[in-house]
>>> print(open('coords-v5.txt').read())   # compact mmCIF, C-alpha atoms and all ligand atoms
# COMPACT_ATOMS: atom_id res chain seq x y z
CA MET X 249 11.35 -26.32 18.32
CA LYS X 250 11.93 -29.14 15.82
CA SER X 251 8.42 -30.53 16.10
CA PHE X 252 6.95 -27.10 15.58
CA THR X 253 8.90 -26.67 12.35
CA LEU X 254 7.70 -30.02 11.05
CA PHE X 255 4.15 -29.14 11.90
CA LEU X 256 4.46 -25.90 10.00
CA ILE X 257 5.66 -27.62 6.82
CA ALA X 258 2.76 -30.03 6.96
CA PHE X 259 0.37 -27.16 7.47
CA ILE X 260 1.84 -25.27 4.55
CA LEU X 261 1.67 -28.19 2.12
CA PHE X 262 -1.95 -28.65 3.09
CA THR X 263 -2.91 -24.99 2.73
CA SER X 264 -1.06 -24.38 -0.52
CA SER X 265 -2.87 -27.30 -2.11
CA CYS X 266 -6.36 -26.44 -0.92
CA LYS X 267 -5.82 -22.70 -0.59
CA SER X 268 -8.71 -21.98 1.73
CA ILE X 269 -7.76 -20.25 4.93
CA PHE X 270 -10.50 -19.94 7.49
CA LYS X 271 -8.19 -19.00 10.31
CA THR X 272 -7.34 -15.39 11.02
CA SER X 273 -3.63 -14.82 10.42
CA ALA X 274 -1.30 -14.16 13.34
CA TYR X 275 -0.63 -10.73 11.81
CA GLN X 276 -4.34 -9.89 11.66
CA THR X 277 -4.84 -11.12 15.23
CA TYR X 278 -2.06 -8.81 16.42
CA LEU X 279 -3.51 -5.94 14.40
CA ASN X 280 -6.89 -6.54 16.05
CA SER X 281 -5.24 -6.51 19.48
CA LEU X 282 -3.58 -3.15 18.68
CA LYS X 283 -6.97 -1.80 17.68
CA SER X 284 -8.80 -3.05 20.76
CA ALA X 285 -6.08 -1.49 22.95
CA GLY X 286 -6.44 1.79 21.04
CA LEU X 287 -2.79 1.59 19.97
CA ASP X 288 -3.71 1.93 16.30
CA GLN X 289 -4.45 5.59 17.07
CA THR X 290 -0.99 6.30 18.52
CA ALA X 291 1.84 7.61 16.32
CA MET X 292 3.82 4.39 16.72
CA GLY X 293 0.80 2.12 16.15
CA LYS X 294 -0.11 4.03 12.99
CA GLU X 295 3.46 3.78 11.80
CA TRP X 296 3.51 0.01 12.43
CA ILE X 297 0.35 -0.52 10.35
CA GLU X 298 1.58 1.80 7.60
CA ILE X 299 5.03 0.23 7.33
CA GLY X 300 3.49 -3.22 6.80
CA LYS X 301 1.58 -1.90 3.79
CA THR X 302 4.47 0.21 2.47
CA ALA X 303 6.83 -2.76 2.55
CA LEU X 304 4.41 -4.95 0.57
CA ASN X 305 3.85 -2.24 -2.01
CA ASN X 306 7.56 -1.61 -2.43
CA PRO X 307 9.22 -5.01 -2.00
CA ASN X 308 12.78 -5.97 -2.78
CA THR X 309 12.48 -7.12 -6.39
CA ASN X 310 16.20 -7.59 -6.85
CA LEU X 311 16.37 -11.21 -5.68
CA VAL X 312 18.81 -13.56 -7.30
CA LEU X 313 18.14 -17.05 -5.94
CA PRO X 314 19.57 -18.55 -3.83
CA PHE X 315 19.30 -15.38 -1.79
CA LYS X 316 20.33 -14.53 1.74
CA ASP X 317 19.50 -11.49 3.81
CA GLU X 318 20.45 -10.47 7.35
CA ILE X 319 17.89 -8.15 8.91
CA PHE X 320 17.97 -6.06 12.05
CA PHE X 321 14.59 -4.72 13.15
CA ARG X 322 15.29 -1.90 15.61
CA ALA X 323 12.82 -1.43 18.45
CA GLU X 324 12.93 2.39 18.12
CA GLN X 325 11.29 2.38 14.69
CA PRO X 326 8.55 0.12 13.31
CA LEU X 327 10.06 -1.73 10.35
CA ALA X 328 9.07 -4.44 7.89
CA VAL X 329 10.86 -6.02 4.97
CA ALA X 330 9.23 -7.56 1.91
CA TYR X 331 10.45 -9.58 -1.04
CA GLN X 332 8.95 -10.23 -4.45
CA ILE X 333 9.65 -13.79 -5.58
CA SER X 334 8.97 -15.05 -9.10
CA TYR X 335 7.70 -18.57 -8.60
CA LYS X 336 7.87 -21.07 -11.48
CA GLN X 337 5.52 -24.07 -11.47
CA SER X 338 8.46 -26.42 -12.17
CA SER X 339 10.04 -25.52 -8.83
CA LYS X 340 9.48 -25.36 -5.14
CA ILE X 341 10.55 -22.42 -3.02
CA LYS X 342 12.28 -23.08 0.27
CA ILE X 343 12.35 -20.24 2.77
CA THR X 344 14.54 -20.70 5.85
CA ILE X 345 14.11 -18.20 8.66
CA LYS X 346 16.35 -17.99 11.71
CA VAL X 347 15.67 -15.57 14.53
CA LYS X 348 18.56 -14.55 16.77
CA ALA X 349 17.77 -12.97 20.10
CA ASN X 350 18.38 -13.24 23.83
CA ASN X 351 14.84 -14.34 24.52
CA ALA X 352 12.67 -16.42 22.23
CA SER X 353 11.97 -13.69 19.70
CA LYS X 354 9.57 -14.18 16.84
CA VAL X 355 8.58 -12.39 13.70
CA PHE X 356 5.35 -12.23 11.68
CA VAL X 357 5.81 -14.10 8.42
CA ASP X 358 3.22 -13.65 5.67
CA LEU X 359 3.43 -15.09 2.16
CA PHE X 360 0.98 -13.67 -0.38
CA GLU X 361 0.02 -14.91 -3.83
CA ASP X 362 -1.99 -11.75 -4.35
CA ILE X 363 -1.23 -8.61 -2.35
CA THR X 364 -4.57 -7.05 -3.25
CA ASN X 365 -6.10 -9.87 -1.22
CA PRO X 366 -5.01 -9.31 2.38
CA LYS X 367 -5.10 -13.04 3.20
CA SER X 368 -1.69 -14.61 3.12
CA VAL X 369 -1.44 -18.23 1.96
CA ILE X 370 1.18 -19.00 4.58
CA ASN X 371 1.48 -17.10 7.82
CA GLY X 372 2.50 -17.27 11.42
CA TYR X 373 4.25 -15.57 14.31
CA LEU X 374 7.40 -17.64 14.13
CA SER X 375 10.89 -18.22 15.43
CA ASP X 376 13.13 -20.62 13.46
CA THR X 377 11.12 -21.95 10.52
CA VAL X 378 11.41 -23.71 7.18
CA ILE X 379 8.66 -22.98 4.67
CA VAL X 380 8.26 -24.98 1.47
CA TYR X 381 5.93 -23.53 -1.15
CA GLN X 382 4.81 -25.11 -4.39
CA ASN X 383 1.94 -24.60 -6.77
CA LYS X 384 0.61 -25.90 -10.08
CA GLU X 385 0.82 -22.42 -11.59
CA ASN X 386 3.44 -19.71 -11.88
CA GLN X 387 3.00 -17.01 -9.25
CA ILE X 388 4.42 -13.65 -8.27
CA LEU X 389 4.81 -14.12 -4.53
CA HIS X 390 5.27 -11.49 -1.85
CA LEU X 391 6.85 -12.35 1.46
CA ARG X 392 6.75 -9.96 4.41
CA LEU X 393 8.60 -10.14 7.70
CA GLN X 394 7.65 -7.78 10.51
CA PRO X 395 8.21 -7.97 14.26
CA GLN X 396 5.84 -6.77 16.96
CA LEU X 397 6.03 -3.18 18.15
CA LEU X 398 9.05 -2.17 20.25
CA GLU X 399 11.09 -5.31 19.71
CA ASN X 400 14.67 -5.66 18.59
CA VAL X 401 14.70 -8.71 16.35
CA TYR X 402 17.61 -10.02 14.30
CA VAL X 403 16.62 -12.38 11.47
CA THR X 404 18.51 -14.34 8.83
CA ILE X 405 16.48 -15.42 5.83
CA GLU X 406 17.43 -17.70 2.95
CA ILE X 407 15.26 -18.10 -0.13
CA ALA X 408 16.06 -20.83 -2.64
CA ALA X 409 14.30 -22.43 -5.60
CA GLN X 410 14.72 -26.14 -6.21
CA ALA X 411 13.39 -28.37 -8.97
CA LYS X 412 10.01 -29.76 -7.94
CA LEU X 413 11.07 -33.34 -8.70
CA ALA X 414 14.18 -35.36 -7.92
CA PHE X 415 16.75 -36.14 -10.61
CA PRO X 416 15.58 -39.42 -12.25
CA VAL X 417 19.02 -41.04 -12.41
CA GLN X 418 20.89 -42.08 -9.28
CA ASN X 419 23.96 -39.85 -8.71
CA GLY X 420 23.20 -38.11 -12.01
CA LYS X 421 24.16 -34.56 -12.90
CA ASN X 422 22.85 -31.86 -15.23
CA SER X 423 25.64 -32.43 -17.78
CA ASP X 424 24.34 -36.00 -18.30
CA ILE X 425 21.32 -34.45 -20.03
CA LYS X 426 22.42 -34.38 -23.66
CA SER X 427 19.25 -34.24 -25.70
CA PHE X 428 16.53 -31.73 -25.01
CA TRP X 429 12.85 -31.02 -25.48
CA GLY X 430 11.58 -30.23 -28.96
CA VAL X 431 14.55 -31.56 -30.94
CA GLU X 432 13.39 -33.03 -34.26
CA ARG X 433 13.11 -36.79 -34.59
CA GLU X 434 12.76 -38.99 -37.70
CA GLY X 435 13.69 -36.13 -40.04
CA GLY X 436 11.18 -33.74 -38.49
CA ALA X 437 8.26 -36.19 -38.45
CA ARG X 438 7.95 -35.68 -34.69
CA LYS X 439 9.50 -33.63 -31.92
CA HIS X 440 11.35 -34.99 -28.91
CA GLU X 441 8.78 -35.05 -26.10
CA GLY X 442 11.26 -35.30 -23.28
CA ILE X 443 14.93 -35.21 -22.34
CA ASP X 444 17.64 -37.88 -22.61
CA ILE X 445 19.93 -38.50 -19.65
CA PHE X 446 23.03 -40.54 -20.41
CA ASN X 447 25.02 -42.79 -18.10
CA LYS X 448 26.44 -46.33 -17.94
CA LYS X 449 24.19 -49.26 -18.77
CA GLY X 450 22.68 -50.58 -15.54
CA THR X 451 22.68 -47.22 -13.69
CA PRO X 452 19.62 -47.12 -11.37
CA VAL X 453 16.68 -45.05 -12.62
CA VAL X 454 14.75 -43.67 -9.65
CA ALA X 455 11.28 -42.30 -8.91
CA VAL X 456 11.26 -38.49 -9.06
CA GLU X 457 8.48 -38.26 -6.45
CA ASP X 458 6.13 -40.45 -4.42
CA GLY X 459 3.43 -42.06 -6.54
CA PHE X 460 2.24 -45.33 -7.98
CA ILE X 461 3.13 -47.36 -11.04
CA THR X 462 0.41 -47.38 -13.69
CA ARG X 463 2.11 -49.35 -16.48
CA VAL X 464 5.16 -51.57 -16.98
CA GLN X 465 5.39 -52.56 -20.63
CA GLU X 466 7.57 -52.99 -23.72
CA THR X 467 6.93 -50.90 -26.85
CA ASN X 468 8.71 -50.44 -30.21
CA LEU X 469 9.56 -46.82 -29.51
CA GLY X 470 10.33 -46.75 -25.77
CA GLY X 471 11.50 -50.35 -25.33
CA LYS X 472 11.13 -51.34 -21.70
CA VAL X 473 9.15 -48.49 -20.12
CA VAL X 474 7.69 -47.60 -16.73
CA TRP X 475 4.82 -45.17 -16.21
CA GLN X 476 4.31 -43.55 -12.83
CA ARG X 477 1.38 -41.39 -11.70
CA LEU X 478 1.97 -38.65 -9.11
CA GLY X 479 -1.17 -38.45 -6.99
CA ILE X 480 -4.74 -39.11 -8.13
CA ALA X 481 -4.94 -36.20 -10.58
CA GLY X 482 -1.22 -35.60 -10.94
CA PRO X 483 0.92 -35.87 -14.07
CA SER X 484 2.22 -39.15 -15.53
CA ILE X 485 5.96 -39.70 -15.54
CA TYR X 486 7.49 -41.74 -18.36
CA TYR X 487 10.79 -43.60 -18.00
CA ALA X 488 11.94 -45.28 -21.26
CA HIS X 489 14.69 -47.40 -22.88
CA LEU X 490 15.28 -49.31 -19.61
CA ASP X 491 17.47 -52.38 -19.64
CA SER X 492 15.28 -53.91 -16.97
CA GLN X 493 12.11 -52.93 -15.07
CA LEU X 494 12.13 -53.52 -11.30
CA VAL X 495 8.56 -52.53 -10.37
CA ASP X 496 5.07 -53.89 -11.00
CA ASP X 497 1.77 -52.37 -12.14
CA GLY X 498 -0.13 -50.73 -9.28
CA GLN X 499 2.87 -50.66 -6.97
CA SER X 500 3.34 -47.64 -4.68
CA VAL X 501 6.77 -46.07 -4.85
CA LYS X 502 8.57 -43.44 -2.82
CA LYS X 503 10.79 -40.72 -4.19
CA GLY X 504 14.24 -42.22 -4.85
CA ASP X 505 13.02 -45.82 -5.18
CA VAL X 506 14.74 -47.70 -8.01
CA LEU X 507 12.26 -48.32 -10.86
CA GLY X 508 14.61 -49.99 -13.29
CA LEU X 509 18.10 -49.94 -14.75
CA MET X 510 19.30 -47.73 -17.60
CA GLY X 511 19.60 -49.31 -21.04
CA ASN X 512 19.05 -48.68 -24.75
CA THR X 513 15.96 -50.78 -25.54
CA GLY X 514 13.33 -49.78 -28.12
CA ASN X 515 14.40 -47.33 -30.83
CA ALA X 516 17.51 -46.44 -28.78
CA ILE X 517 19.11 -49.75 -29.68
CA THR X 518 21.78 -48.06 -31.84
CA THR X 519 22.62 -45.29 -29.34
CA SER X 520 24.46 -45.34 -26.01
CA PRO X 521 22.45 -46.23 -22.93
CA HIS X 522 20.26 -43.38 -21.71
CA LEU X 523 17.01 -42.69 -19.95
CA HIS X 524 14.32 -40.98 -21.98
CA PHE X 525 12.38 -38.99 -19.39
CA GLY X 526 8.99 -37.40 -20.01
CA ILE X 527 6.16 -35.67 -18.12
CA TYR X 528 2.57 -35.89 -19.41
CA THR X 529 -0.18 -33.70 -17.95
CA SER X 530 -3.88 -33.78 -18.83
CA SER X 531 -3.06 -31.31 -21.62
CA GLY X 532 -0.17 -33.32 -23.06
CA ALA X 533 3.60 -33.56 -22.78
CA ILE X 534 5.50 -30.70 -21.15
CA ASN X 535 9.21 -29.87 -21.13
CA PRO X 536 10.51 -31.79 -18.09
CA LEU X 537 13.93 -30.09 -17.88
CA ASP X 538 13.25 -27.49 -15.18
CA TYR X 539 11.29 -30.03 -13.13
CA VAL X 540 14.39 -32.17 -12.55
CA LYS X 541 17.40 -29.94 -13.22
CA ILE X 542 19.59 -29.68 -10.15
CA THR X 543 19.90 -26.10 -8.86
CA ASP X 544 22.27 -24.62 -6.34
CA SER X 545 20.25 -24.00 -3.18
CA ILE X 546 22.98 -22.63 -0.91
CA PRO X 547 23.31 -18.85 -1.13
CA LYS X 548 26.69 -17.17 -1.33
CA ASN X 549 28.11 -15.71 1.84
CA ILE X 550 27.30 -12.10 2.51
CA LEU X 551 30.54 -10.23 1.90
CA ALA X 552 29.48 -6.92 3.44
CA ASN X 553 30.13 -6.25 7.11
CA VAL X 554 26.86 -7.19 8.83
CA ASN X 555 27.92 -5.22 11.91
CA MET X 556 26.72 -2.19 9.95
CA LEU X 557 23.12 -3.34 10.47
CA GLY X 558 21.14 -0.70 12.34
CA GLN X 559 23.74 1.97 11.65
CA GLN X 560 23.02 5.24 9.94
CA HIS X 561 23.97 5.79 6.32
CA MET X 562 23.67 9.11 4.48
CA LEU X 563 22.10 8.37 1.10
CA GLN X 564 22.38 10.69 -1.88
CA GLN X 565 19.16 10.90 -3.89
CA GLU X 566 19.33 13.44 -6.70
CA ASP X 567 19.14 16.80 -4.93
CA ARG X 568 19.21 15.63 -1.34
CA VAL X 569 21.23 13.65 1.12
CA LEU X 570 19.09 12.04 3.81
CA PRO X 571 19.86 9.87 6.84
CA HIS X 572 18.81 6.23 6.46
CA HIS X 573 19.18 3.20 8.66
CA ILE X 574 20.69 0.01 7.30
CA THR X 575 17.89 -2.49 7.91
CA ALA X 576 19.07 -5.48 5.88
CA ILE X 577 22.20 -6.66 4.12
CA SER X 578 21.91 -9.36 1.50
CA THR X 579 24.10 -11.32 -0.90
CA ASN X 580 23.44 -8.61 -3.48
CA GLY X 581 22.61 -5.34 -1.77
CA TYR X 582 21.29 -3.26 1.09
CA THR X 583 17.84 -2.35 2.36
CA LEU X 584 17.68 1.14 3.86
CA TYR X 585 14.85 2.99 5.58
CA ASP X 586 14.65 6.74 5.97
CA HIS X 587 13.00 8.39 8.98
CA GLY X 588 9.72 8.73 7.13
CA GLY X 589 9.47 4.97 6.60
CA GLN X 590 10.47 5.01 2.93
CA VAL X 591 12.48 1.98 1.84
CA LYS X 592 15.39 2.01 -0.63
CA TYR X 593 17.27 -0.92 -2.12
CA ILE X 594 20.82 -0.20 -3.20
CA ASP X 595 23.79 -2.23 -4.45
CA ASN X 596 26.53 -0.33 -2.66
CA LEU X 597 26.92 2.06 0.22
CA ILE X 598 28.47 5.17 -1.31
CA LYS X 599 29.37 8.16 0.82
CA PRO X 600 27.69 11.29 -0.53
CA LEU X 601 29.77 14.32 -1.49
CA LEU X 602 29.04 17.32 0.69
CA LYS X 603 30.26 20.70 -0.42
CA TYR X 604 28.49 22.90 2.08
CA LYS X 605 30.27 25.87 3.66
CA ILE X 606 27.35 27.49 5.39
CA LYS X 607 28.33 27.34 9.04
CA LYS X 608 27.84 31.05 9.62
CA ASP X 609 24.45 31.01 7.91
CA VAL X 610 22.70 28.96 10.57
CA ASN X 611 21.31 30.64 13.66
CA ASP X 612 18.63 28.22 14.87
CA ALA X 613 18.54 27.43 18.57
CA PHE X 614 17.31 23.85 18.15
CA LEU X 615 17.89 20.76 16.11
CA MET X 616 14.61 19.60 14.58
CA ASP X 617 13.28 16.09 13.84
CA LYS X 618 12.66 16.54 10.11
CA PRO X 619 13.38 18.91 7.22
CA ALA X 620 10.07 20.78 7.39
CA PHE X 621 8.62 23.97 8.85
CA ASN X 622 6.31 22.03 11.18
CA ALA X 623 9.25 20.05 12.61
CA VAL X 624 9.60 19.42 16.33
CA PRO X 625 12.72 20.45 18.31
CA ILE X 626 14.70 17.46 19.54
CA ALA X 627 17.90 19.01 20.94
CA LYS X 628 19.57 22.33 21.74
CA PHE X 629 21.87 23.73 19.08
CA ASN X 630 24.53 26.43 19.22
CA SER X 631 25.58 27.71 15.80
CA LYS X 632 28.66 29.39 17.33
CA LEU X 633 30.13 26.01 18.29
CA GLY X 634 31.51 23.56 15.77
CA PHE X 635 29.18 21.21 13.92
CA GLU X 636 29.24 18.88 10.98
CA VAL X 637 26.89 18.92 7.99
CA LEU X 638 25.89 15.32 7.20
CA GLY X 639 23.09 15.87 4.70
CA TYR X 640 20.57 18.27 3.21
CA GLN X 641 17.21 18.65 1.60
CA GLU X 642 16.41 21.93 -0.10
CA SER X 643 17.52 24.60 2.37
CA PHE X 644 17.40 22.31 5.39
CA LEU X 645 20.63 20.84 6.69
CA PHE X 646 21.06 17.63 8.63
CA ILE X 647 23.83 18.28 11.10
CA LYS X 648 25.71 16.75 13.98
CA GLN X 649 26.80 18.68 17.04
CA SER X 650 28.44 16.78 19.92
CA ASN X 651 26.22 13.68 20.25
CA ASN X 652 23.09 15.20 18.74
CA GLN X 653 21.80 15.00 15.20
CA GLY X 654 18.94 16.89 13.62
CA TRP X 655 17.73 19.36 11.03
CA VAL X 656 18.27 23.12 10.92
CA LYS X 657 17.17 25.73 8.40
CA ALA X 658 19.92 27.51 6.51
CA LYS X 659 19.42 31.23 6.03
ZN ZN R 701 14.52 -39.30 -25.76
>>> encode(input="coords-v5.txt", output="structure tokens")
Amino acid sequence: MKSFTLFLIAFILFTSSCKSIFKTSAYQTYLNSLKSAGLDQTAMGKEWIEIGKTALNNPNTNLVLPFKDEIFFRAEQPLAVAYQISYKQSSKIKITIKVKANNASKVFVDLFEDITNPKSVINGYLSDTVIVYQNKENQILHLRLQPQLLENVYVTIEIAAQAKLAFPVQNGKNSDIKSFWGVEREGGARKHEGIDIFNKKGTPVVAVEDGFITRVQETNLGGKVVWQRLGIAGPSIYYAHLDSQLVDDGQSVKKGDVLGLMGNTGNAITTSPHLHFGIYTSSGAINPLDYVKITDSIPKNILANVNMLGQQHMLQQEDRVLPHHITAISTNGYTLYDHGGQVKYIDNLIKPLLKYKIKKDVNDAFLMDKPAFNAVPIAKFNSKLGFEVLGYQESFLFIKQSNNQGWVKAK
């Protein structure tokens, strides 16, 4: 299990950097197998294909990262869940998926940069998995989870964004950053092309990522400085005002390696010791703050009762009250599906108000599967015996009699 996870991360880092996928996705392979078995023509097969598209076109857009969702895919109904994730180039997204089941259950995982292009950039038919995604550009990502047909699968997913680079000062914290990008310098003659991180003189300054040292020098402005390049065509990282430099030109360094010690050399000679930290791309300096700022990557606990997963909830929508199933419960809301495969995202489960007193106005002999004239009978119904009205749509009532539920037409 462990080795498979590691393999997947390596695969993902490779694919997200070169972005060409020649392999058919696990999802597409399964879809092809449904087609060759003729299952795509069955009601359930059609529903499975449709729900995958519906989910992607109506994803959960209400994600506050770090986010956590518990999902129960019920075997009786094809289901999929999808999330829209705003990806910022300064970050990396970590997606942790855990599958709980008696046997080794799996789920199709597909991450899309563009949902109009059916090829996902990361995909697989996976059990427990960690996915790390990063890119040079901002992206609107879509992530879909969907099990195979007729499988009960219980999944926990966590989605977190972390700064792309490590914090450049050992044991540093965000509140040590006291001067920011763009602040005027020398009476407005120039703008601050970086951030200043304060700490005690001699605090280790560390490499924010693997790379190699391109320059170790002393200048009037930066004092003792170290330049590091991240990859062949990557950005240059600038560490300035060091008290001492502990690396050499051309040296390879790993993330976290000590490059020097904090000081106040150069034009910082009259200020307290701090690291001036900058990032230079081929198009110039960029604001480094979000690239190194430490973010909370552990989602809050889900406060709702997750035992409600899979249960029915009657949802009020304007002029109707329809049965839905609770498919997912997150740190900030619920994902519900109705019987037609329509998904709804809500903050709270609120019981609808039902003011119907129509018991004597129903004389149907059957409970039907949907609120429509072409509905199919699913159980016997006796209007003379007691029953409960759970919901309604137009003149159709969703009722419960003994252990049966279904729709009847009111007179
Ligand atoms: Zn500075």
>>> residues_around(input="coords-v5.txt", residues="Ser484 in chain X", least_positions_apart="2", cutoff="6 Å", atoms="only C-alpha atoms", output="PyMOL selection string")
chain X and resi 476-477+527-528
>>> write_last_selection(input="coords-v5.txt", atoms="C-alpha atoms", output="PDB file, in the frame of the given file")
ATOM      1  CA  GLN X 476       4.310 -43.550 -12.830  1.00  0.00           C
ATOM      2  CA  ARG X 477       1.380 -41.390 -11.700  1.00  0.00           C
ATOM      3  CA  ILE X 527       6.160 -35.670 -18.120  1.00  0.00           C
ATOM      4  CA  TYR X 528       2.570 -35.890 -19.410  1.00  0.00           C
TER       5      TYR X 528
END
>>> atom_distance(input="coords-v5.txt", atom1="CA of Gly514 in chain X", atom2="CA of Asp491 in chain X")
9.8 Å
>>> residues_near_ligand(input="coords-v5.txt", ligand="ligand ZN 701 (chain R)", cutoff="10 Å", atoms="only C-alpha atoms and all ligand atoms", output="list in words")
Lys426, Ser427, Phe428, Trp429, Val431, Arg433, Lys439, His440, Glu441, Gly442, Ile443, Asp444, Ile445, Leu469, Gly470, Tyr487, Ala488, His489, Asn515, Ala516, His522, Leu523, His524, Phe525 and Gly526 of chain X
>>> write_last_selection(input="coords-v5.txt", atoms="C-alpha atoms", output="short mmCIF file (atom, residue, chain, number, x, y, z; two decimals), keeping the file's coordinate frame")
data_model
loop_
_atom_site.label_atom_id
_atom_site.label_comp_id
_atom_site.auth_asym_id
_atom_site.auth_seq_id
_atom_site.Cartn_x
_atom_site.Cartn_y
_atom_site.Cartn_z
CA LYS X 426 22.42 -34.38 -23.66
CA SER X 427 19.25 -34.24 -25.70
CA PHE X 428 16.53 -31.73 -25.01
CA TRP X 429 12.85 -31.02 -25.48
CA VAL X 431 14.55 -31.56 -30.94
CA ARG X 433 13.11 -36.79 -34.59
CA LYS X 439 9.50 -33.63 -31.92
CA HIS X 440 11.35 -34.99 -28.91
CA GLU X 441 8.78 -35.05 -26.10
CA GLY X 442 11.26 -35.30 -23.28
CA ILE X 443 14.93 -35.21 -22.34
CA ASP X 444 17.64 -37.88 -22.61
CA ILE X 445 19.93 -38.50 -19.65
CA LEU X 469 9.56 -46.82 -29.51
CA GLY X 470 10.33 -46.75 -25.77
CA TYR X 487 10.79 -43.60 -18.00
CA ALA X 488 11.94 -45.28 -21.26
CA HIS X 489 14.69 -47.40 -22.88
CA ASN X 515 14.40 -47.33 -30.83
CA ALA X 516 17.51 -46.44 -28.78
CA HIS X 522 20.26 -43.38 -21.71
CA LEU X 523 17.01 -42.69 -19.95
CA HIS X 524 14.32 -40.98 -21.98
CA PHE X 525 12.38 -38.99 -19.39
CA GLY X 526 8.99 -37.40 -20.01
#
>>> residues_around(input="coords-v5.txt", residues="Lys657 in chain X", least_positions_apart="3", cutoff="7 Å", atoms="only C-alpha atoms", output="ChimeraX atom specification")
/X:610,643-645
>>> atom_distance(input="coords-v5.txt", atom1="CA of Gly639 in chain X", atom2="CA of Phe321 in chain X")
23.8 Å
>>> closest_residue(input="coords-v5.txt", among="X:Ser578, X:Thr377, X:Thr467, X:Ser500", to="Tyr331 in chain X", atoms="only C-alpha atoms")
X:Ser578
>>> atom_distance(input="coords-v5.txt", atom1="CA of His390 in chain X", atom2="CA of Thr364 in chain X")
10.9 Å
>>> closest_residue(input="coords-v5.txt", among="X:Asp288, X:Arg438, X:Leu478, X:Gln493", to="Thr529 in chain X", atoms="all atoms listed in the file")
X:Leu478
>>> residues_around(input="coords-v5.txt", residues="Gln325 in chain X", least_positions_apart="2", cutoff="12 Å", atoms="all atoms listed in the file", output="number ranges by chain")
X: 291-296, 299, 320-323, 327-328, 394-401, 558, 572-573, 575, 585-589
>>> write_last_selection(input="coords-v5.txt", atoms="C-alpha atoms", output="CSV table (one decimal), in the frame of the given file")
chain,number,residue,atom,x,y,z
X,291,ALA,CA,1.8,7.6,16.3
X,292,MET,CA,3.8,4.4,16.7
X,293,GLY,CA,0.8,2.1,16.2
X,294,LYS,CA,-0.1,4.0,13.0
X,295,GLU,CA,3.5,3.8,11.8
X,296,TRP,CA,3.5,0.0,12.4
X,299,ILE,CA,5.0,0.2,7.3
X,320,PHE,CA,18.0,-6.1,12.0
X,321,PHE,CA,14.6,-4.7,13.2
X,322,ARG,CA,15.3,-1.9,15.6
X,323,ALA,CA,12.8,-1.4,18.4
X,327,LEU,CA,10.1,-1.7,10.4
X,328,ALA,CA,9.1,-4.4,7.9
X,394,GLN,CA,7.6,-7.8,10.5
X,395,PRO,CA,8.2,-8.0,14.3
X,396,GLN,CA,5.8,-6.8,17.0
X,397,LEU,CA,6.0,-3.2,18.2
X,398,LEU,CA,9.0,-2.2,20.2
X,399,GLU,CA,11.1,-5.3,19.7
X,400,ASN,CA,14.7,-5.7,18.6
X,401,VAL,CA,14.7,-8.7,16.4
X,558,GLY,CA,21.1,-0.7,12.3
X,572,HIS,CA,18.8,6.2,6.5
X,573,HIS,CA,19.2,3.2,8.7
X,575,THR,CA,17.9,-2.5,7.9
X,585,TYR,CA,14.8,3.0,5.6
X,586,ASP,CA,14.6,6.7,6.0
X,587,HIS,CA,13.0,8.4,9.0
X,588,GLY,CA,9.7,8.7,7.1
X,589,GLY,CA,9.5,5.0,6.6
>>> closest_residue(input="coords-v5.txt", among="X:Lys541, X:Lys316, X:Lys632, X:Lys354", to="Phe415 in chain X", atoms="all atoms listed in the file")
X:Lys541
>>> residues_near_point(input="coords-v5.txt", point="(-1.4, -13.3, -2.9)", cutoff="10 Å", atoms="all atoms listed in the file", output="PyMOL selection string")
chain X and resi 358-370+387-391
>>> residues_around(input="coords-v5.txt", residues="range 305-308 of chain X", least_positions_apart="2", cutoff="8 Å", atoms="only C-alpha atoms", output="ChimeraX atom specification")
/X:301-303,310-311,329-332,390,591,593
>>> closest_residue(input="coords-v5.txt", among="X:Ile405, X:Leu490, X:Leu638, X:Leu602", to="Ala576 in chain X", atoms="all atoms listed in the file")
X:Ile405
>>> residues_around(input="coords-v5.txt", residues="Lys448 in chain X", least_positions_apart="2", cutoff="9 Å", atoms="all atoms listed in the file", output="compact mmCIF listing (two decimals) with C-alpha atoms, in the frame of the given file")
# COMPACT_ATOMS: atom_id res chain seq x y z
CA PHE X 446 23.03 -40.54 -20.41
CA GLY X 450 22.68 -50.58 -15.54
CA THR X 451 22.68 -47.22 -13.69
CA MET X 510 19.30 -47.73 -17.60
CA GLY X 511 19.60 -49.31 -21.04
CA SER X 520 24.46 -45.34 -26.01
CA PRO X 521 22.45 -46.23 -22.93
CA HIS X 522 20.26 -43.38 -21.71
>>> decode(input="coords-v5.txt", residues="range 391-395 of chain X", atoms="N, CA and C atoms", output="mmCIF file, in the first residue's frame")
data_model
loop_
_atom_site.group_PDB
_atom_site.id
_atom_site.type_symbol
_atom_site.label_atom_id
_atom_site.label_comp_id
_atom_site.auth_asym_id
_atom_site.auth_seq_id
_atom_site.Cartn_x
_atom_site.Cartn_y
_atom_site.Cartn_z
ATOM 1 N N LEU X 391 -12.153 18.190 -9.223
ATOM 2 C CA LEU X 391 -11.800 16.848 -8.749
ATOM 3 C C LEU X 391 -13.081 16.029 -8.646
ATOM 4 N N ARG X 392 -13.063 14.838 -9.238
ATOM 5 C CA ARG X 392 -14.249 13.973 -9.163
ATOM 6 C C ARG X 392 -13.892 12.642 -8.526
ATOM 7 N N LEU X 393 -14.761 12.181 -7.652
ATOM 8 C CA LEU X 393 -14.645 10.841 -7.079
ATOM 9 C C LEU X 393 -15.902 10.072 -7.461
ATOM 10 N N GLN X 394 -15.708 8.863 -7.952
ATOM 11 C CA GLN X 394 -16.867 8.040 -8.329
ATOM 12 C C GLN X 394 -16.481 6.568 -8.227
ATOM 13 N N PRO X 395 -17.299 5.772 -7.540
ATOM 14 C CA PRO X 395 -16.984 4.341 -7.459
ATOM 15 C C PRO X 395 -17.524 3.595 -8.676
#
